[in-house]
file start_16.csv (CSV, C-alpha atoms)
chain,number,residue,atom,x,y,z
A,1,MET,CA,11.3,12.1,-16.8
A,2,SER,CA,12.5,9.4,-14.5
A,3,ILE,CA,10.9,6.7,-12.3
A,4,VAL,CA,11.2,6.9,-8.5
A,5,LYS,CA,9.9,4.6,-5.8
A,6,LYS,CA,8.1,6.2,-2.8
A,7,ARG,CA,7.4,4.5,0.5
A,8,PHE,CA,4.8,5.4,3.1
A,9,ASP,CA,4.2,3.5,6.4
A,10,ILE,CA,1.3,2.9,8.7
A,11,ASN,CA,1.8,1.4,12.1
A,12,ILE,CA,-0.9,-1.0,13.4
A,13,THR,CA,-0.6,-1.1,17.2
A,14,ALA,CA,-3.9,-2.8,18.2
A,15,ALA,CA,-5.9,-5.7,17.0
A,16,LEU,CA,-8.9,-4.9,14.8
A,17,GLN,CA,-7.7,-1.3,14.4
A,18,THR,CA,-8.5,0.8,11.3
A,19,VAL,CA,-5.9,3.5,10.5
A,20,SER,CA,-6.4,6.1,7.8
A,21,GLN,CA,-3.5,8.3,6.7
A,22,THR,CA,-3.0,10.7,3.9
A,23,PHE,CA,0.5,11.0,2.4
A,24,GLU,CA,1.9,13.9,0.3
A,25,LEU,CA,3.8,13.2,-2.9
A,26,ASP,CA,6.7,15.4,-4.0
A,27,LYS,CA,5.7,18.3,-6.2
A,28,ASN,CA,7.7,17.0,-9.1
A,29,ILE,CA,5.8,13.7,-9.3
A,30,THR,CA,3.5,13.8,-12.2
A,31,HIS,CA,2.0,10.2,-12.3
A,32,VAL,CA,1.8,7.0,-10.3
A,33,LYS,CA,2.2,3.9,-12.4
A,34,SER,CA,1.9,1.0,-9.9
A,35,ILE,CA,1.6,0.1,-6.2
A,36,LEU,CA,2.8,-2.6,-3.8
A,37,ILE,CA,1.9,-3.5,-0.2
A,38,THR,CA,4.4,-5.1,2.2
A,39,SER,CA,5.1,-5.3,5.9
A,40,ASP,CA,7.7,-6.1,8.5
A,41,LYS,CA,5.4,-9.1,9.3
A,42,ASP,CA,4.0,-10.3,6.0
A,43,ASP,CA,2.0,-13.1,7.5
A,44,LEU,CA,-0.1,-10.6,9.5
A,45,ILE,CA,-1.1,-8.5,6.5
A,46,TYR,CA,-1.6,-11.6,4.3
A,47,TYR,CA,-4.2,-13.1,6.7
A,48,ARG,CA,-5.5,-10.1,8.6
A,49,GLY,CA,-5.2,-7.0,6.4
A,50,SER,CA,-7.4,-5.1,4.0
A,51,GLN,CA,-7.4,-1.6,2.8
A,52,ARG,CA,-8.8,1.2,0.6
A,53,ILE,CA,-6.4,3.4,-1.4
A,54,GLU,CA,-7.3,6.7,-3.0
A,55,MET,CA,-5.4,9.3,-4.9
A,56,ASN,CA,-6.9,12.8,-5.5
A,57,LYS,CA,-10.1,11.5,-3.8
A,58,GLY,CA,-10.4,8.9,-6.6
A,59,GLU,CA,-10.5,5.2,-5.7
A,60,ILE,CA,-7.5,3.1,-6.8
A,61,VAL,CA,-8.3,0.1,-4.5
A,62,PRO,CA,-11.9,-0.3,-3.1
A,63,ASP,CA,-12.9,-0.8,0.5
A,64,ASN,CA,-11.9,-4.1,2.1
A,65,TYR,CA,-9.6,-5.1,-0.7
A,66,GLU,CA,-7.5,-7.9,0.7
A,67,SER,CA,-3.8,-7.1,1.2
A,68,LYS,CA,-2.7,-10.4,-0.1
A,69,LEU,CA,-3.9,-9.3,-3.6
A,70,LEU,CA,-1.4,-6.4,-3.6
A,71,MET,CA,1.6,-8.3,-2.2
A,72,SER,CA,4.3,-9.9,-4.2
A,73,GLY,CA,6.6,-12.9,-3.6
A,74,ILE,CA,10.4,-12.9,-3.7
A,75,ASN,CA,10.3,-15.4,-6.5
A,76,LEU,CA,9.4,-12.6,-8.9
A,77,SER,CA,11.9,-10.3,-10.6
A,78,PRO,CA,11.9,-6.9,-8.8
A,79,ASN,CA,10.6,-5.3,-12.0
A,80,LEU,CA,7.4,-7.5,-11.9
A,81,ARG,CA,6.4,-7.0,-8.3
A,82,PHE,CA,4.2,-4.0,-8.6
A,83,TYR,CA,0.4,-3.9,-9.2
A,84,GLU,CA,-0.1,-1.8,-12.3
A,85,ILE,CA,-2.7,1.0,-12.1
A,86,GLY,CA,-1.7,2.7,-15.4
A,87,ASP,CA,-0.4,6.3,-15.6
A,88,MET,CA,-2.6,7.9,-12.9
A,89,PRO,CA,-2.0,11.7,-12.7
A,90,ALA,CA,-0.7,12.8,-9.4
A,91,GLY,CA,-3.0,15.8,-9.4
A,92,ASN,CA,-2.9,17.4,-5.9
A,93,GLY,CA,-0.3,14.8,-4.8
A,94,GLN,CA,-2.3,13.2,-2.0
A,95,VAL,CA,-2.5,9.5,-1.5
A,96,LYS,CA,-4.8,8.2,1.2
A,97,MET,CA,-4.7,4.7,2.6
A,98,THR,CA,-7.3,3.3,5.1
A,99,TYR,CA,-6.0,0.0,6.5
A,100,THR,CA,-8.0,-2.4,8.6
A,101,ASP,CA,-6.7,-5.3,10.7
A,102,ARG,CA,-9.3,-8.1,10.9
A,103,GLU,CA,-9.5,-11.1,13.3
A,104,ASP,CA,-7.9,-14.3,11.9
A,105,ASN,CA,-7.2,-17.3,14.1
A,106,ARG,CA,-4.3,-18.5,11.9
A,107,VAL,CA,-2.1,-15.6,13.2
A,108,PRO,CA,-2.3,-14.0,16.6
A,109,PHE,CA,-2.1,-10.2,16.6
A,110,GLU,CA,1.2,-8.3,17.3
A,111,ALA,CA,2.1,-4.8,16.4
A,112,TYR,CA,3.2,-4.4,12.8
A,113,ARG,CA,4.1,-1.9,10.1
A,114,VAL,CA,2.3,-1.7,6.7
A,115,SER,CA,4.2,-0.2,3.9
A,116,LEU,CA,2.7,1.2,0.7
A,117,TYR,CA,5.2,1.6,-2.2
A,118,LEU,CA,4.4,3.7,-5.2
A,119,ASN,CA,6.2,3.5,-8.5
A,120,CYS,CA,6.1,7.2,-9.7
A,121,LEU,CA,7.0,9.2,-12.7
A,122,GLN,CA,8.7,12.5,-11.9
A,123,THR,CA,10.0,15.4,-13.9
A,124,ASP,CA,13.8,16.0,-13.7

call {"tool": "encode", "arguments": {"input": "start_16.csv", "output": "structure tokens"}}
result
Amino acid sequence: MSIVKKRFDINITAALQTVSQTFELDKNITHVKSILITSDKDDLIYYRGSQRIEMNKGEIVPDNYESKLLMSGINLSPNLRFYEIGDMPAGNGQVKMTYTDREDNRVPFEAYRVSLYLNCLQTD
């Protein structure tokens, strides 16, 4: 068994947009241990973003969970940056993220990318 990092991206192209996307994990991934949210424009997801994350149709993160609660600063060791979810079985290997951009006057909208990182356990 070894640990691998997987990255999945959603592009937000319009203000107040909700994007839902399902991602497929590799067949040799057995469990997901932790998650992390980041972006090419961190200030936008910090102030404007929320999401719901599901795996195998089971909720990992509930509706309207603020993105800033799943982000990590650069002042942490890379090994401490992920949000631990335990050893969640990969099951059918589907991870669904529904991301919502909300209005916030502190940062004007511009197109941005939201990245979901998964810390996964895979068979060798």

call {"tool": "closest_residue", "arguments": {"input": "start_16.csv", "among": "A:Asn79, A:Ala15, A:Gly86, A:Gly73", "to": "Asp104 in chain A", "atoms": "all atoms listed in the file"}}
result
A:Ala15

call {"tool": "residues_around", "arguments": {"input": "start_16.csv", "residues": "Arg106 in chain A", "least_positions_apart": "5", "cutoff": "10 Å", "atoms": "all atoms listed in the file", "output": "MDAnalysis selection string"}}
result
chainID A and resid 43:44 47:48

call {"tool": "residues_around", "arguments": {"input": "start_16.csv", "residues": "Cys120 in chain A", "least_positions_apart": "3", "cutoff": "6 Å", "atoms": "only C-alpha atoms", "output": "JSON, numbers by chain"}}
result
{"A": [3, 4, 31, 32, 33]}

call {"tool": "closest_residue", "arguments": {"input": "start_16.csv", "among": "A:Leu25, A:Met97, A:Ala111, A:Leu121", "to": "Ile45 in chain A", "atoms": "only C-alpha atoms"}}
result
A:Ala111

call {"tool": "atom_distance", "arguments": {"input": "start_16.csv", "atom1": "CA of Thr123 in chain A", "atom2": "CA of Asp9 in chain A"}}
result
24.2 Å

call {"tool": "closest_residue", "arguments": {"input": "start_16.csv", "among": "A:Lys5, A:Arg81, A:Lys68, A:Arg52", "to": "Val19 in chain A", "atoms": "all atoms listed in the file"}}
result
A:Arg52

call {"tool": "residues_around", "arguments": {"input": "start_16.csv", "residues": "Asn56 in chain A", "least_positions_apart": "5", "cutoff": "8 Å", "atoms": "only C-alpha atoms", "output": "PyMOL selection string"}}
result
chain A and resi 90-95

call {"tool": "write_last_selection", "arguments": {"input": "start_16.csv", "atoms": "C-alpha atoms", "output": "mmCIF file, in the frame of the given file"}}
result
data_model
loop_
_atom_site.group_PDB
_atom_site.id
_atom_site.type_symbol
_atom_site.label_atom_id
_atom_site.label_comp_id
_atom_site.auth_asym_id
_atom_site.auth_seq_id
_atom_site.Cartn_x
_atom_site.Cartn_y
_atom_site.Cartn_z
ATOM 1 C CA ALA A 90 -0.700 12.800 -9.400
ATOM 2 C CA GLY A 91 -3.000 15.800 -9.400
ATOM 3 C CA ASN A 92 -2.900 17.400 -5.900
ATOM 4 C CA GLY A 93 -0.300 14.800 -4.800
ATOM 5 C CA GLN A 94 -2.300 13.200 -2.000
ATOM 6 C CA VAL A 95 -2.500 9.500 -1.500
#

call {"tool": "closest_residue", "arguments": {"input": "start_16.csv", "among": "A:Ser34, A:Asn105, A:Ser2, A:Thr22", "to": "Ile85 in chain A", "atoms": "all atoms listed in the file"}}
result
A:Ser34

call {"tool": "closest_residue", "arguments": {"input": "start_16.csv", "among": "A:Arg102, A:Leu70, A:Arg7, A:Leu118", "to": "Met55 in chain A", "atoms": "all atoms listed in the file"}}
result
A:Leu118

call {"tool": "residues_near_point", "arguments": {"input": "start_16.csv", "point": "(3.9, -3.4, 9.1)", "cutoff": "8 Å", "atoms": "all atoms listed in the file", "output": "PyMOL selection string"}}
result
chain A and resi 9-12+38-42+45+111-115

call {"tool": "build_atoms", "arguments": {"input": "start_16.csv", "residues": "range 33-44 of chain A", "atoms": "all heavy atoms", "output": "PDB file, keeping the file's coordinate frame"}}
result
ATOM      1  N   LYS A  33       2.372   4.989 -11.385  1.00  0.00           N
ATOM      2  CA  LYS A  33       2.200   3.900 -12.400  1.00  0.00           C
ATOM      3  C   LYS A  33       1.763   2.597 -11.718  1.00  0.00           C
ATOM      4  O   LYS A  33       1.017   1.838 -12.317  1.00  0.00           O
ATOM      5  CB  LYS A  33       3.558   3.674 -13.067  1.00  0.00           C
ATOM      6  CG  LYS A  33       4.047   4.920 -13.827  1.00  0.00           C
ATOM      7  CD  LYS A  33       5.385   4.724 -14.464  1.00  0.00           C
ATOM      8  CE  LYS A  33       5.376   3.954 -15.722  1.00  0.00           C
ATOM      9  NZ  LYS A  33       4.468   4.318 -16.772  1.00  0.00           N
ATOM     10  N   SER A  34       2.227   2.326 -10.485  1.00  0.00           N
ATOM     11  CA  SER A  34       1.900   1.000  -9.900  1.00  0.00           C
ATOM     12  C   SER A  34       2.092   1.134  -8.350  1.00  0.00           C
ATOM     13  O   SER A  34       2.722   2.064  -7.849  1.00  0.00           O
ATOM     14  CB  SER A  34       2.763  -0.070 -10.459  1.00  0.00           C
ATOM     15  OG  SER A  34       4.130   0.260 -10.400  1.00  0.00           O
ATOM     16  N   ILE A  35       1.532   0.140  -7.643  1.00  0.00           N
ATOM     17  CA  ILE A  35       1.600   0.100  -6.200  1.00  0.00           C
ATOM     18  C   ILE A  35       1.994  -1.283  -5.691  1.00  0.00           C
ATOM     19  O   ILE A  35       1.874  -2.269  -6.423  1.00  0.00           O
ATOM     20  CB  ILE A  35       0.254   0.523  -5.547  1.00  0.00           C
ATOM     21  CG1 ILE A  35      -0.868  -0.425  -5.985  1.00  0.00           C
ATOM     22  CG2 ILE A  35      -0.090   1.952  -5.876  1.00  0.00           C
ATOM     23  CD1 ILE A  35      -2.201  -0.156  -5.310  1.00  0.00           C
ATOM     24  N   LEU A  36       2.440  -1.333  -4.444  1.00  0.00           N
ATOM     25  CA  LEU A  36       2.800  -2.600  -3.800  1.00  0.00           C
ATOM     26  C   LEU A  36       2.584  -2.423  -2.297  1.00  0.00           C
ATOM     27  O   LEU A  36       2.851  -1.358  -1.744  1.00  0.00           O
ATOM     28  CB  LEU A  36       4.295  -2.897  -4.066  1.00  0.00           C
ATOM     29  CG  LEU A  36       4.911  -4.095  -3.359  1.00  0.00           C
ATOM     30  CD1 LEU A  36       4.362  -5.399  -3.920  1.00  0.00           C
ATOM     31  CD2 LEU A  36       6.422  -4.076  -3.498  1.00  0.00           C
ATOM     32  N   ILE A  37       2.084  -3.456  -1.653  1.00  0.00           N
ATOM     33  CA  ILE A  37       1.900  -3.500  -0.200  1.00  0.00           C
ATOM     34  C   ILE A  37       2.859  -4.510   0.382  1.00  0.00           C
ATOM     35  O   ILE A  37       2.981  -5.622  -0.144  1.00  0.00           O
ATOM     36  CB  ILE A  37       0.457  -3.880   0.173  1.00  0.00           C
ATOM     37  CG1 ILE A  37      -0.545  -2.868  -0.340  1.00  0.00           C
ATOM     38  CG2 ILE A  37       0.306  -4.067   1.674  1.00  0.00           C
ATOM     39  CD1 ILE A  37      -0.573  -1.570   0.395  1.00  0.00           C
ATOM     40  N   THR A  38       3.513  -4.147   1.458  1.00  0.00           N
ATOM     41  CA  THR A  38       4.400  -5.100   2.200  1.00  0.00           C
ATOM     42  C   THR A  38       4.351  -4.726   3.658  1.00  0.00           C
ATOM     43  O   THR A  38       3.674  -3.788   4.066  1.00  0.00           O
ATOM     44  CB  THR A  38       5.806  -5.080   1.589  1.00  0.00           C
ATOM     45  OG1 THR A  38       6.544  -6.149   2.167  1.00  0.00           O
ATOM     46  CG2 THR A  38       6.499  -3.763   1.832  1.00  0.00           C
ATOM     47  N   SER A  39       5.091  -5.486   4.448  1.00  0.00           N
ATOM     48  CA  SER A  39       5.100  -5.300   5.900  1.00  0.00           C
ATOM     49  C   SER A  39       6.340  -5.841   6.521  1.00  0.00           C
ATOM     50  O   SER A  39       7.058  -6.625   5.902  1.00  0.00           O
ATOM     51  CB  SER A  39       3.853  -6.021   6.481  1.00  0.00           C
ATOM     52  OG  SER A  39       3.851  -5.965   7.885  1.00  0.00           O
ATOM     53  N   ASP A  40       6.579  -5.449   7.760  1.00  0.00           N
ATOM     54  CA  ASP A  40       7.700  -6.100   8.500  1.00  0.00           C
ATOM     55  C   ASP A  40       7.248  -7.444   9.020  1.00  0.00           C
ATOM     56  O   ASP A  40       8.087  -8.223   9.446  1.00  0.00           O
ATOM     57  CB  ASP A  40       8.149  -5.168   9.647  1.00  0.00           C
ATOM     58  CG  ASP A  40       7.075  -4.859  10.667  1.00  0.00           C
ATOM     59  OD1 ASP A  40       5.869  -4.954  10.342  1.00  0.00           O
ATOM     60  OD2 ASP A  40       7.429  -4.497  11.803  1.00  0.00           O
ATOM     61  N   LYS A  41       5.943  -7.750   8.942  1.00  0.00           N
ATOM     62  CA  LYS A  41       5.400  -9.100   9.300  1.00  0.00           C
ATOM     63  C   LYS A  41       4.386  -9.478   8.275  1.00  0.00           C
ATOM     64  O   LYS A  41       3.171  -9.328   8.462  1.00  0.00           O
ATOM     65  CB  LYS A  41       4.805  -9.019  10.718  1.00  0.00           C
ATOM     66  CG  LYS A  41       5.860  -8.682  11.765  1.00  0.00           C
ATOM     67  CD  LYS A  41       5.311  -8.587  13.136  1.00  0.00           C
ATOM     68  CE  LYS A  41       6.476  -8.302  14.081  1.00  0.00           C
ATOM     69  NZ  LYS A  41       6.206  -7.236  14.999  1.00  0.00           N
ATOM     70  N   ASP A  42       4.875  -9.998   7.145  1.00  0.00           N
ATOM     71  CA  ASP A  42       4.000 -10.300   6.000  1.00  0.00           C
ATOM     72  C   ASP A  42       2.867 -11.234   6.305  1.00  0.00           C
ATOM     73  O   ASP A  42       1.794 -11.111   5.715  1.00  0.00           O
ATOM     74  CB  ASP A  42       4.853 -10.871   4.845  1.00  0.00           C
ATOM     75  CG  ASP A  42       5.664  -9.818   4.123  1.00  0.00           C
ATOM     76  OD1 ASP A  42       5.349  -8.615   4.263  1.00  0.00           O
ATOM     77  OD2 ASP A  42       6.599 -10.193   3.402  1.00  0.00           O
ATOM     78  N   ASP A  43       3.060 -12.176   7.223  1.00  0.00           N
ATOM     79  CA  ASP A  43       2.000 -13.100   7.500  1.00  0.00           C
ATOM     80  C   ASP A  43       0.768 -12.381   8.137  1.00  0.00           C
ATOM     81  O   ASP A  43      -0.377 -12.761   7.896  1.00  0.00           O
ATOM     82  CB  ASP A  43       2.448 -14.240   8.440  1.00  0.00           C
ATOM     83  CG  ASP A  43       3.084 -13.760   9.741  1.00  0.00           C
ATOM     84  OD1 ASP A  43       3.566 -12.608   9.793  1.00  0.00           O
ATOM     85  OD2 ASP A  43       3.113 -14.539  10.704  1.00  0.00           O
ATOM     86  N   LEU A  44       1.012 -11.313   8.882  1.00  0.00           N
ATOM     87  CA  LEU A  44      -0.100 -10.600   9.500  1.00  0.00           C
ATOM     88  C   LEU A  44      -0.913  -9.825   8.420  1.00  0.00           C
ATOM     89  O   LEU A  44      -2.145  -9.864   8.442  1.00  0.00           O
ATOM     90  CB  LEU A  44       0.408  -9.607  10.551  1.00  0.00           C
ATOM     91  CG  LEU A  44       0.922 -10.288  11.819  1.00  0.00           C
ATOM     92  CD1 LEU A  44       1.597  -9.282  12.731  1.00  0.00           C
ATOM     93  CD2 LEU A  44      -0.200 -10.991  12.548  1.00  0.00           C
TER      94      LEU A  44
END
